[in-house]
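Asker: What follows is upload_14.tsv; its format and atoms are TSV, N, CA, C and O atoms.
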```
chain	number	residue	atom	x	y	z
A	1	MET	N	0.84	-1.17	0.00
A	1	MET	CA	0.00	0.00	0.00
A	1	MET	C	0.89	1.24	0.00
A	1	MET	O	1.84	1.32	0.76
A	2	LYS	N	0.56	2.18	-0.85
A	2	LYS	CA	1.32	3.43	-0.91
A	2	LYS	C	0.69	4.45	0.04
A	2	LYS	O	-0.49	4.73	-0.04
A	3	LEU	N	1.49	4.98	0.95
A	3	LEU	CA	1.01	5.96	1.92
A	3	LEU	C	1.14	7.35	1.35
A	3	LEU	O	2.14	7.70	0.72
A	4	LYS	N	0.13	8.17	1.58
A	4	LYS	CA	0.09	9.51	1.01
A	4	LYS	C	-0.21	10.51	2.11
A	4	LYS	O	-1.23	10.40	2.79
A	5	ASP	N	0.68	11.47	2.31
A	5	ASP	CA	0.39	12.59	3.20
A	5	ASP	C	-0.66	13.46	2.51
A	5	ASP	O	-0.57	13.70	1.30
A	6	ARG	N	-1.65	13.91	3.28
A	6	ARG	CA	-2.73	14.70	2.69
A	6	ARG	C	-3.01	15.94	3.53
A	6	ARG	O	-3.05	15.88	4.74
A	7	LYS	N	-3.21	17.04	2.85
A	7	LYS	CA	-3.65	18.29	3.47
A	7	LYS	C	-4.61	18.90	2.46
A	7	LYS	O	-4.20	19.52	1.48
A	8	GLU	N	-5.92	18.65	2.66
A	8	GLU	CA	-6.93	19.06	1.70
A	8	GLU	C	-7.99	19.91	2.38
A	8	GLU	O	-8.29	19.71	3.55
A	9	LYS	N	-8.58	20.83	1.61
A	9	LYS	CA	-9.58	21.74	2.14
A	9	LYS	C	-10.76	21.78	1.18
A	9	LYS	O	-10.58	21.87	-0.04
A	10	ILE	N	-11.99	21.71	1.72
A	10	ILE	CA	-13.22	21.77	0.94
A	10	ILE	C	-14.22	22.65	1.68
A	10	ILE	O	-14.32	22.58	2.91
A	11	THR	N	-14.98	23.45	0.91
A	11	THR	CA	-16.05	24.25	1.50
A	11	THR	C	-17.39	23.62	1.12
A	11	THR	O	-17.67	23.41	-0.05
A	12	ILE	N	-18.20	23.33	2.13
A	12	ILE	CA	-19.54	22.76	1.93
A	12	ILE	C	-20.51	23.53	2.81
A	12	ILE	O	-20.32	23.62	4.03
A	13	GLY	N	-21.55	24.07	2.19
A	13	GLY	CA	-22.58	24.79	2.96
A	13	GLY	C	-22.04	25.95	3.76
A	13	GLY	O	-22.53	26.21	4.85
A	14	GLY	N	-21.03	26.62	3.26
A	14	GLY	CA	-20.45	27.76	3.96
A	14	GLY	C	-19.46	27.40	5.05
A	14	GLY	O	-18.88	28.28	5.68
A	15	ASN	N	-19.25	26.11	5.28
A	15	ASN	CA	-18.27	25.65	6.27
A	15	ASN	C	-17.02	25.13	5.57
A	15	ASN	O	-17.12	24.48	4.54
A	16	VAL	N	-15.86	25.40	6.14
A	16	VAL	CA	-14.59	24.96	5.57
A	16	VAL	C	-14.11	23.74	6.35
A	16	VAL	O	-13.88	23.81	7.56
A	17	TYR	N	-13.97	22.61	5.65
A	17	TYR	CA	-13.49	21.37	6.24
A	17	TYR	C	-12.08	21.12	5.73
A	17	TYR	O	-11.80	21.30	4.55
A	18	GLU	N	-11.19	20.72	6.64
A	18	GLU	CA	-9.81	20.45	6.25
A	18	GLU	C	-9.37	19.09	6.78
A	18	GLU	O	-9.52	18.78	7.96
A	19	LEU	N	-8.85	18.28	5.87
A	19	LEU	CA	-8.33	16.95	6.21
A	19	LEU	C	-6.82	17.03	6.36
A	19	LEU	O	-6.13	17.60	5.50
A	20	THR	N	-6.30	16.48	7.44
A	20	THR	CA	-4.86	16.37	7.64
A	20	THR	C	-4.53	14.90	7.91
A	20	THR	O	-5.10	14.29	8.80
A	21	LEU	N	-3.64	14.35	7.10
A	21	LEU	CA	-3.18	12.97	7.25
A	21	LEU	C	-1.68	12.97	7.01
A	21	LEU	O	-1.23	13.22	5.89
A	22	LEU	N	-0.90	12.74	8.06
A	22	LEU	CA	0.56	12.76	7.96
A	22	LEU	C	1.14	11.48	8.54
A	22	LEU	O	0.89	11.14	9.70
A	23	TRP	N	1.91	10.77	7.73
A	23	TRP	CA	2.54	9.51	8.14
A	23	TRP	C	3.98	9.76	8.57
A	23	TRP	O	4.67	10.57	7.98
A	24	ASN	N	4.46	9.06	9.57
A	24	ASN	CA	5.83	9.14	10.03
A	24	ASN	C	6.61	8.01	9.35
A	24	ASN	O	6.66	6.90	9.84
A	25	ARG	N	7.20	8.31	8.22
A	25	ARG	CA	7.88	7.29	7.43
A	25	ARG	C	9.12	6.72	8.12
A	25	ARG	O	9.49	5.58	7.90
A	26	ALA	N	9.76	7.50	8.97
A	26	ALA	CA	10.93	6.99	9.70
A	26	ALA	C	10.54	5.84	10.62
A	26	ALA	O	11.24	4.83	10.70
A	27	LEU	N	9.42	5.97	11.31
A	27	LEU	CA	8.95	4.89	12.17
A	27	LEU	C	8.43	3.71	11.37
A	27	LEU	O	8.59	2.56	11.78
A	28	LEU	N	7.80	3.98	10.24
A	28	LEU	CA	7.25	2.90	9.41
A	28	LEU	C	8.35	1.98	8.92
A	28	LEU	O	8.16	0.77	8.83
A	29	CYS	N	9.50	2.54	8.60
A	29	CYS	CA	10.62	1.73	8.10
A	29	CYS	C	11.12	0.75	9.16
A	29	CYS	O	11.64	-0.30	8.84
A	30	ARG	N	10.98	1.09	10.43
A	30	ARG	CA	11.48	0.24	11.51
A	30	ARG	C	10.40	-0.67	12.10
A	30	ARG	O	10.67	-1.45	12.99
A	31	SER	N	9.17	-0.54	11.61
A	31	SER	CA	8.07	-1.29	12.18
A	31	SER	C	7.80	-2.58	11.40
A	31	SER	O	7.75	-2.58	10.19
A	32	ALA	N	7.61	-3.66	12.12
A	32	ALA	CA	7.28	-4.94	11.48
A	32	ALA	C	5.77	-5.07	11.29
A	32	ALA	O	5.31	-5.92	10.55
A	33	VAL	N	5.00	-4.27	11.99
A	33	VAL	CA	3.55	-4.27	11.87
A	33	VAL	C	3.08	-2.88	11.48
A	33	VAL	O	3.85	-1.95	11.45
A	34	GLY	N	1.82	-2.73	11.19
A	34	GLY	CA	1.29	-1.44	10.78
A	34	GLY	C	1.36	-0.39	11.88
A	34	GLY	O	1.36	-0.71	13.06
A	35	MET	N	1.42	0.85	11.47
A	35	MET	CA	1.51	1.98	12.40
A	35	MET	C	0.39	2.97	12.09
A	35	MET	O	0.02	3.14	10.94
A	36	PRO	N	-0.14	3.65	13.10
A	36	PRO	CA	-1.10	4.72	12.83
A	36	PRO	C	-0.34	5.96	12.33
A	36	PRO	O	0.86	6.08	12.55
A	37	PRO	N	-1.03	6.88	11.67
A	37	PRO	CA	-0.36	8.11	11.25
A	37	PRO	C	-0.06	9.01	12.44
A	37	PRO	O	-0.65	8.85	13.51
A	38	ASP	N	0.86	9.95	12.25
A	38	ASP	CA	1.15	10.93	13.30
A	38	ASP	C	-0.05	11.85	13.52
A	38	ASP	O	-0.39	12.18	14.64
A	39	TYR	N	-0.66	12.30	12.43
A	39	TYR	CA	-1.83	13.17	12.49
A	39	TYR	C	-2.88	12.63	11.53
A	39	TYR	O	-2.58	12.36	10.37
A	40	ALA	N	-4.11	12.51	11.99
A	40	ALA	CA	-5.22	12.10	11.14
A	40	ALA	C	-6.50	12.68	11.73
A	40	ALA	O	-7.05	12.15	12.68
A	41	HIS	N	-6.92	13.82	11.20
A	41	HIS	CA	-8.10	14.47	11.73
A	41	HIS	C	-8.73	15.39	10.69
A	41	HIS	O	-8.14	15.67	9.65
A	42	ILE	N	-9.95	15.84	11.01
A	42	ILE	CA	-10.69	16.78	10.17
A	42	ILE	C	-11.07	17.96	11.05
A	42	ILE	O	-11.54	17.77	12.18
A	43	THR	N	-10.87	19.16	10.54
A	43	THR	CA	-11.32	20.35	11.24
A	43	THR	C	-12.48	20.97	10.47
A	43	THR	O	-12.62	20.77	9.26
A	44	LYS	N	-13.31	21.70	11.20
A	44	LYS	CA	-14.44	22.43	10.60
A	44	LYS	C	-14.30	23.87	11.04
A	44	LYS	O	-14.33	24.16	12.24
A	45	ASN	N	-14.11	24.76	10.08
A	45	ASN	CA	-13.92	26.19	10.36
A	45	ASN	C	-12.80	26.41	11.36
A	45	ASN	O	-12.89	27.23	12.26
A	46	GLY	N	-11.74	25.62	11.25
A	46	GLY	CA	-10.56	25.78	12.09
A	46	GLY	C	-10.64	25.11	13.46
A	46	GLY	O	-9.69	25.17	14.23
A	47	LYS	N	-11.76	24.47	13.77
A	47	LYS	CA	-11.91	23.81	15.07
A	47	LYS	C	-11.97	22.30	14.88
A	47	LYS	O	-12.43	21.81	13.85
A	48	ASN	N	-11.52	21.55	15.89
A	48	ASN	CA	-11.55	20.10	15.81
A	48	ASN	C	-12.96	19.60	15.54
A	48	ASN	O	-13.91	19.99	16.22
A	49	PHE	N	-13.10	18.73	14.52
A	49	PHE	CA	-14.40	18.20	14.15
A	49	PHE	C	-14.44	16.67	14.27
A	49	PHE	O	-15.39	16.12	14.82
A	50	ALA	N	-13.40	16.00	13.77
A	50	ALA	CA	-13.42	14.53	13.78
A	50	ALA	C	-12.00	13.97	13.84
A	50	ALA	O	-11.05	14.58	13.36
A	51	LEU	N	-11.91	12.78	14.44
A	51	LEU	CA	-10.66	12.03	14.51
A	51	LEU	C	-10.74	10.88	13.51
A	51	LEU	O	-11.82	10.31	13.30
A	52	ILE	N	-9.62	10.51	12.92
A	52	ILE	CA	-9.58	9.41	11.97
A	52	ILE	C	-8.70	8.31	12.54
A	52	ILE	O	-7.60	8.58	13.00
A	53	GLY	N	-9.19	7.11	12.52
A	53	GLY	CA	-8.43	5.95	12.97
A	53	GLY	C	-8.10	5.07	11.78
A	53	GLY	O	-8.99	4.65	11.05
A	54	CYS	N	-6.82	4.83	11.56
A	54	CYS	CA	-6.40	3.99	10.44
A	54	CYS	C	-5.02	3.42	10.74
A	54	CYS	O	-4.39	3.78	11.72
A	55	SER	N	-4.56	2.52	9.87
A	55	SER	CA	-3.26	1.89	10.04
A	55	SER	C	-2.56	1.82	8.69
A	55	SER	O	-3.20	1.76	7.64
A	56	SER	N	-1.24	1.81	8.72
A	56	SER	CA	-0.46	1.82	7.49
A	56	SER	C	-0.55	0.51	6.70
A	56	SER	O	-0.26	0.49	5.52
A	57	ASN	N	-0.97	-0.56	7.32
A	57	ASN	CA	-0.97	-1.84	6.62
A	57	ASN	C	-2.36	-2.40	6.34
A	57	ASN	O	-2.48	-3.53	5.90
A	58	LEU	N	-3.41	-1.64	6.60
A	58	LEU	CA	-4.76	-2.17	6.42
A	58	LEU	C	-5.63	-1.23	5.60
A	58	LEU	O	-5.51	-0.01	5.70
A	59	ASN	N	-6.51	-1.82	4.80
A	59	ASN	CA	-7.59	-1.04	4.21
A	59	ASN	C	-8.65	-0.88	5.28
A	59	ASN	O	-8.74	-1.67	6.21
A	60	GLY	N	-9.47	0.12	5.12
A	60	GLY	CA	-10.50	0.39	6.11
A	60	GLY	C	-10.02	1.41	7.11
A	60	GLY	O	-8.83	1.47	7.44
A	61	PHE	N	-10.95	2.24	7.56
A	61	PHE	CA	-10.65	3.25	8.57
A	61	PHE	C	-11.97	3.70	9.18
A	61	PHE	O	-13.04	3.33	8.71
A	62	PHE	N	-11.89	4.46	10.26
A	62	PHE	CA	-13.10	5.02	10.84
A	62	PHE	C	-12.91	6.51	11.09
A	62	PHE	O	-11.77	6.99	11.21
A	63	VAL	N	-14.02	7.21	11.12
A	63	VAL	CA	-14.03	8.63	11.45
A	63	VAL	C	-15.01	8.79	12.59
A	63	VAL	O	-16.15	8.31	12.52
A	64	ALA	N	-14.58	9.44	13.67
A	64	ALA	CA	-15.42	9.63	14.85
A	64	ALA	C	-15.44	11.10	15.22
A	64	ALA	O	-14.46	11.81	15.02
A	65	ALA	N	-16.55	11.54	15.78
A	65	ALA	CA	-16.65	12.92	16.27
A	65	ALA	C	-15.51	13.19	17.24
A	65	ALA	O	-15.13	12.32	18.02
A	66	PHE	N	-14.96	14.38	17.18
A	66	PHE	CA	-13.88	14.74	18.10
A	66	PHE	C	-14.38	14.58	19.53
A	66	PHE	O	-15.49	14.99	19.88
A	67	HIS	N	-13.55	13.97	20.36
A	67	HIS	CA	-13.90	13.76	21.76
A	67	HIS	C	-12.62	13.68	22.58
A	67	HIS	O	-11.54	13.40	22.06
A	68	LEU	N	-12.73	13.93	23.84
A	68	LEU	CA	-11.59	13.83	24.74
A	68	LEU	C	-11.33	12.37	25.08
A	68	LEU	O	-12.22	11.52	24.96
A	69	ALA	N	-10.14	12.07	25.54
A	69	ALA	CA	-9.80	10.71	25.92
A	69	ALA	C	-10.78	10.20	26.98
A	69	ALA	O	-11.21	10.95	27.85
A	70	LEU	N	-11.13	8.95	26.88
A	70	LEU	CA	-12.04	8.26	27.79
A	70	LEU	C	-13.50	8.69	27.66
A	70	LEU	O	-14.35	8.23	28.40
A	71	GLU	N	-13.80	9.59	26.74
A	71	GLU	CA	-15.18	9.95	26.45
A	71	GLU	C	-15.64	9.18	25.22
A	71	GLU	O	-14.83	8.85	24.35
A	72	LYS	N	-16.92	8.93	25.13
A	72	LYS	CA	-17.48	8.24	23.98
A	72	LYS	C	-17.85	9.29	22.92
A	72	LYS	O	-18.46	10.31	23.26
A	73	PRO	N	-17.50	9.07	21.64
A	73	PRO	CA	-17.85	10.05	20.61
A	73	PRO	C	-19.36	10.07	20.36
A	73	PRO	O	-20.04	9.06	20.55
A	74	ASN	N	-19.87	11.21	19.91
A	74	ASN	CA	-21.30	11.34	19.59
A	74	ASN	C	-21.69	10.49	18.38
A	74	ASN	O	-22.82	10.04	18.29
A	75	TRP	N	-20.76	10.31	17.45
A	75	TRP	CA	-21.01	9.48	16.27
A	75	TRP	C	-19.70	8.88	15.79
A	75	TRP	O	-18.62	9.38	16.11
A	76	ARG	N	-19.82	7.80	15.03
A	76	ARG	CA	-18.65	7.13	14.46
A	76	ARG	C	-19.08	6.43	13.17
A	76	ARG	O	-20.08	5.72	13.14
A	77	MET	N	-18.34	6.67	12.10
A	77	MET	CA	-18.63	6.06	10.80
A	77	MET	C	-17.45	5.16	10.42
A	77	MET	O	-16.29	5.57	10.55
A	78	THR	N	-17.75	3.95	9.96
A	78	THR	CA	-16.72	3.01	9.56
A	78	THR	C	-16.71	2.87	8.05
A	78	THR	O	-17.76	2.73	7.42
A	79	PHE	N	-15.53	2.91	7.47
A	79	PHE	CA	-15.31	2.73	6.04
A	79	PHE	C	-14.49	1.45	5.89
A	79	PHE	O	-13.25	1.49	5.85
A	80	GLU	N	-15.16	0.30	5.84
A	80	GLU	CA	-14.50	-1.00	5.99
A	80	GLU	C	-13.50	-1.36	4.90
A	80	GLU	O	-12.45	-1.87	5.19
A	81	TYR	N	-13.82	-1.14	3.65
A	81	TYR	CA	-12.96	-1.63	2.57
A	81	TYR	C	-12.33	-0.51	1.76
A	81	TYR	O	-11.83	-0.75	0.68
A	82	LEU	N	-12.34	0.69	2.28
A	82	LEU	CA	-11.78	1.82	1.55
A	82	LEU	C	-10.41	2.18	2.08
A	82	LEU	O	-10.06	1.88	3.22
A	83	ASN	N	-9.63	2.83	1.26
A	83	ASN	CA	-8.26	3.19	1.59
A	83	ASN	C	-8.20	4.69	1.88
A	83	ASN	O	-8.52	5.50	1.01
A	84	ILE	N	-7.77	5.07	3.06
A	84	ILE	CA	-7.68	6.48	3.46
A	84	ILE	C	-6.71	7.25	2.57
A	84	ILE	O	-6.83	8.46	2.41
A	85	ASN	N	-5.78	6.56	1.94
A	85	ASN	CA	-4.79	7.22	1.08
A	85	ASN	C	-5.35	7.59	-0.29
A	85	ASN	O	-4.78	8.44	-0.97
A	86	THR	N	-6.43	6.94	-0.72
A	86	THR	CA	-6.92	7.16	-2.08
A	86	THR	C	-8.35	7.70	-2.16
A	86	THR	O	-8.73	8.23	-3.20
A	87	ILE	N	-9.17	7.54	-1.14
A	87	ILE	CA	-10.55	8.01	-1.21
A	87	ILE	C	-10.58	9.54	-1.24
A	87	ILE	O	-9.88	10.19	-0.46
A	88	PRO	N	-11.35	10.13	-2.15
A	88	PRO	CA	-11.44	11.59	-2.18
A	88	PRO	C	-12.05	12.13	-0.88
A	88	PRO	O	-12.95	11.52	-0.31
A	89	PHE	N	-11.56	13.25	-0.44
A	89	PHE	CA	-12.01	13.86	0.81
A	89	PHE	C	-13.51	14.12	0.78
A	89	PHE	O	-14.22	13.88	1.75
A	90	LYS	N	-14.03	14.57	-0.35
A	90	LYS	CA	-15.47	14.85	-0.46
A	90	LYS	C	-16.29	13.58	-0.24
A	90	LYS	O	-17.36	13.63	0.36
A	91	ASP	N	-15.79	12.43	-0.69
A	91	ASP	CA	-16.50	11.17	-0.48
A	91	ASP	C	-16.56	10.79	1.00
A	91	ASP	O	-17.49	10.10	1.43
A	92	ILE	N	-15.59	11.20	1.76
A	92	ILE	CA	-15.63	10.98	3.21
A	92	ILE	C	-16.68	11.89	3.83
A	92	ILE	O	-17.52	11.46	4.60
A	93	LEU	N	-16.63	13.17	3.47
A	93	LEU	CA	-17.53	14.16	4.08
A	93	LEU	C	-19.01	13.88	3.82
A	93	LEU	O	-19.82	14.06	4.72
A	94	VAL	N	-19.36	13.42	2.62
A	94	VAL	CA	-20.78	13.20	2.32
A	94	VAL	C	-21.38	12.09	3.17
A	94	VAL	O	-22.59	12.00	3.32
A	95	ARG	N	-20.55	11.25	3.78
A	95	ARG	CA	-21.04	10.15	4.62
A	95	ARG	C	-21.09	10.51	6.10
A	95	ARG	O	-21.56	9.73	6.91
A	96	LEU	N	-20.59	11.68	6.45
A	96	LEU	CA	-20.55	12.10	7.85
A	96	LEU	C	-21.75	12.98	8.21
A	96	LEU	O	-22.27	13.69	7.35
A	97	PRO	N	-22.17	12.95	9.47
A	97	PRO	CA	-23.26	13.86	9.90
A	97	PRO	C	-22.73	15.27	10.07
A	97	PRO	O	-22.20	15.63	11.11
A	98	LEU	N	-22.82	16.05	9.02
A	98	LEU	CA	-22.31	17.43	9.06
A	98	LEU	C	-23.32	18.33	9.72
A	98	LEU	O	-23.15	19.38	10.10
```
Before anything else, please render the file you have as structure tokens.

Answerer:
Amino acid sequence: MKLKDRKEKITIGGNVYELTLLWNRALLCRSAVGMPPDYAHITKNGKNFALIGCSSNLNGFFVAAFHLALEKPNWRMTFEYLNINTIPFKDILVRLPL
């Protein structure tokens, strides 16, 4: 799987959504198993909106409402067979409760 750093911005309904996905390639080279990215989140109008959970060696990922540690998110969407490195950002957003 080819890992892709992403920094994308889309405006929908007057709101600006920004996707940030940054992989730590130095750690990936030393890892025998998959690693999560250093940063994987979505902001809405500059504020935290959603967290993204994914791994460098697996297809599939989830997006959950931003929440503090040990709190349950208000919503969570699973993208079972899609690749976070290749799916267009707009295709992610249309599936989320905006």

Asker: What's around A:Ala65 at 8 Å? Count all atoms listed in the file, leave out sequence neighbours fewer than 2 positions away in its own chain, and write the answer as a PyMOL selection string.

Answerer: chain A and resi 42+48-52+62-63+67-68+71-77

Asker: Using only C-alpha atoms, pick whichever of A:Tyr39, A:Lys44, A:Leu27, A:Asp91 has the shortest atom-to-atom distance to A:Asp5.

Answerer: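 Among A:Tyr39, A:Lys44, A:Leu27, A:Asp91, it is A:Tyr39 that comes nearest to A:Asp5.
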
Asker: Return the single residue from A:Val16, A:Met35, A:Ile84, A:Leu3 that is closest to A:Leu98, with distances computed using only C-alpha atoms.

Answerer: A:Val16

Asker: Among chain A, which ones does DSSP place in helix (DSSP H, G or I), written as a list in words?

Answerer: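 Everything in chain A that counts as helix (DSSP H, G or I) is Arg25, Ala26, Leu27, Leu28, Cys29, Arg30, Phe89, Lys90, Asp91, Ile92 and Leu93 of chain A.
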
Asker: For atom CA of A:Phe79 and atom CA of A:Lys4, determine how far apart the two atoms are, in Å to one decimal place.

Answerer: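 If I compute the distance from atom CA of A:Phe79 to atom CA of A:Lys4, I get 17.6 Å.
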
Asker: At what distance in Å, to one decimal, does atom N of A:Gly14 lie from atom O of A:Val94?

Answerer: 14.7 Å

Asker: Step one, run DSSP on the backbone; step two, keep only residues of chain A assigned to strand (DSSP E); then write them as number ranges by chain.

Answerer: A: 6-12, 15-22, 39-44, 47-53, 61-65, 76-79

Asker: Rounded to one decimal, what separation in Å do you get between atom CA of A:Lys7 and atom CA of A:Lys47?

Answerer: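 One can read the atom CA of A:Lys7 to atom CA of A:Lys47 distance as 15.3 Å.
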
Asker: From the set A:Pro37, A:Pro97, A:Gly60, A:Gly13, which residue has the shortest atom-to-atom contact distance to A:Asn83, counting only N, CA, C and O atoms?

Answerer: A:Gly60

Asker: Give me the box for stretch 48-51 of chain A as lines of an AutoDock Vina configuration file, namely the centre and edge lengths in Å to one decimal of a box along x, y and z that holds every listed atom plus 6 Å on each side.

Answerer:
```
center_x = -13.0
center_y = 15.9
center_z = 14.8
size_x = 16.7
size_y = 23.2
size_z = 14.9
```

Asker: So, counting only C-alpha atoms, which residue among A:Arg95, A:His41, A:Arg30, A:Lys90 is closest to A:Thr78?

Answerer: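 Checking each candidate against A:Thr78, we get A:Arg95 as the closest.
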
Asker: Rank nothing, just name the residue among A:Ile10, A:Leu70, A:Ile92, A:Cys29 nearest to A:Asn45, using all atoms listed in the file.

Answerer: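 Closest candidate: A:Ile10.
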
Asker: Can you spit out stretch 46-55 of chain A with all heavy atoms, as a PDB file, in the first residue's frame, from the structure just given?

Answerer:
```pdb
ATOM      1  N   GLY A  46     -11.736  25.619  11.247  1.00  0.00           N
ATOM      2  CA  GLY A  46     -10.557  25.776  12.090  1.00  0.00           C
ATOM      3  C   GLY A  46     -10.637  25.114  13.457  1.00  0.00           C
ATOM      4  O   GLY A  46      -9.688  25.175  14.227  1.00  0.00           O
ATOM      5  N   LYS A  47     -11.760  24.472  13.769  1.00  0.00           N
ATOM      6  CA  LYS A  47     -11.914  23.812  15.070  1.00  0.00           C
ATOM      7  C   LYS A  47     -11.971  22.297  14.883  1.00  0.00           C
ATOM      8  O   LYS A  47     -12.428  21.807  13.852  1.00  0.00           O
ATOM      9  CB  LYS A  47     -13.189  24.292  15.764  1.00  0.00           C
ATOM     10  CG  LYS A  47     -13.153  25.767  16.094  1.00  0.00           C
ATOM     11  CD  LYS A  47     -14.399  26.193  16.801  1.00  0.00           C
ATOM     12  CE  LYS A  47     -14.320  27.687  17.112  1.00  0.00           C
ATOM     13  NZ  LYS A  47     -15.518  28.181  17.739  1.00  0.00           N
ATOM     14  N   ASN A  48     -11.525  21.553  15.888  1.00  0.00           N
ATOM     15  CA  ASN A  48     -11.549  20.097  15.813  1.00  0.00           C
ATOM     16  C   ASN A  48     -12.962  19.604  15.540  1.00  0.00           C
ATOM     17  O   ASN A  48     -13.905  19.993  16.225  1.00  0.00           O
ATOM     18  CB  ASN A  48     -11.049  19.478  17.113  1.00  0.00           C
ATOM     19  CG  ASN A  48      -9.579  19.714  17.329  1.00  0.00           C
ATOM     20  OD1 ASN A  48      -8.814  19.775  16.378  1.00  0.00           O
ATOM     21  ND2 ASN A  48      -9.177  19.856  18.576  1.00  0.00           N
ATOM     22  N   PHE A  49     -13.096  18.730  14.524  1.00  0.00           N
ATOM     23  CA  PHE A  49     -14.401  18.198  14.146  1.00  0.00           C
ATOM     24  C   PHE A  49     -14.443  16.674  14.273  1.00  0.00           C
ATOM     25  O   PHE A  49     -15.385  16.121  14.820  1.00  0.00           O
ATOM     26  CB  PHE A  49     -14.737  18.607  12.709  1.00  0.00           C
ATOM     27  CG  PHE A  49     -15.994  17.988  12.171  1.00  0.00           C
ATOM     28  CD1 PHE A  49     -17.231  18.361  12.666  1.00  0.00           C
ATOM     29  CD2 PHE A  49     -15.941  17.036  11.174  1.00  0.00           C
ATOM     30  CE1 PHE A  49     -18.404  17.793  12.181  1.00  0.00           C
ATOM     31  CE2 PHE A  49     -17.100  16.456  10.680  1.00  0.00           C
ATOM     32  CZ  PHE A  49     -18.339  16.842  11.179  1.00  0.00           C
ATOM     33  N   ALA A  50     -13.396  15.997  13.769  1.00  0.00           N
ATOM     34  CA  ALA A  50     -13.419  14.534  13.777  1.00  0.00           C
ATOM     35  C   ALA A  50     -12.005  13.971  13.844  1.00  0.00           C
ATOM     36  O   ALA A  50     -11.048  14.576  13.361  1.00  0.00           O
ATOM     37  CB  ALA A  50     -14.115  14.010  12.526  1.00  0.00           C
ATOM     38  N   LEU A  51     -11.907  12.778  14.439  1.00  0.00           N
ATOM     39  CA  LEU A  51     -10.661  12.027  14.505  1.00  0.00           C
ATOM     40  C   LEU A  51     -10.744  10.875  13.509  1.00  0.00           C
ATOM     41  O   LEU A  51     -11.824  10.314  13.299  1.00  0.00           O
ATOM     42  CB  LEU A  51     -10.449  11.470  15.909  1.00  0.00           C
ATOM     43  CG  LEU A  51     -10.429  12.492  17.036  1.00  0.00           C
ATOM     44  CD1 LEU A  51     -10.426  11.789  18.384  1.00  0.00           C
ATOM     45  CD2 LEU A  51      -9.239  13.404  16.895  1.00  0.00           C
ATOM     46  N   ILE A  52      -9.622  10.511  12.921  1.00  0.00           N
ATOM     47  CA  ILE A  52      -9.580   9.413  11.965  1.00  0.00           C
ATOM     48  C   ILE A  52      -8.698   8.315  12.543  1.00  0.00           C
ATOM     49  O   ILE A  52      -7.595   8.581  12.996  1.00  0.00           O
ATOM     50  CB  ILE A  52      -9.016   9.878  10.610  1.00  0.00           C
ATOM     51  CG1 ILE A  52      -9.908  10.983  10.028  1.00  0.00           C
ATOM     52  CG2 ILE A  52      -8.890   8.711   9.638  1.00  0.00           C
ATOM     53  CD1 ILE A  52      -9.336  11.655   8.802  1.00  0.00           C
ATOM     54  N   GLY A  53      -9.194   7.107  12.516  1.00  0.00           N
ATOM     55  CA  GLY A  53      -8.425   5.951  12.966  1.00  0.00           C
ATOM     56  C   GLY A  53      -8.096   5.066  11.783  1.00  0.00           C
ATOM     57  O   GLY A  53      -8.993   4.647  11.048  1.00  0.00           O
ATOM     58  N   CYS A  54      -6.821   4.833  11.555  1.00  0.00           N
ATOM     59  CA  CYS A  54      -6.402   3.995  10.439  1.00  0.00           C
ATOM     60  C   CYS A  54      -5.016   3.419  10.737  1.00  0.00           C
ATOM     61  O   CYS A  54      -4.393   3.777  11.720  1.00  0.00           O
ATOM     62  CB  CYS A  54      -6.393   4.780   9.137  1.00  0.00           C
ATOM     63  SG  CYS A  54      -5.362   6.262   9.146  1.00  0.00           S
ATOM     64  N   SER A  55      -4.560   2.523   9.865  1.00  0.00           N
ATOM     65  CA  SER A  55      -3.262   1.887  10.037  1.00  0.00           C
ATOM     66  C   SER A  55      -2.555   1.824   8.692  1.00  0.00           C
ATOM     67  O   SER A  55      -3.204   1.764   7.644  1.00  0.00           O
ATOM     68  CB  SER A  55      -3.433   0.474  10.593  1.00  0.00           C
ATOM     69  OG  SER A  55      -2.188  -0.164  10.713  1.00  0.00           O
TER      70      SER A  55
END
```
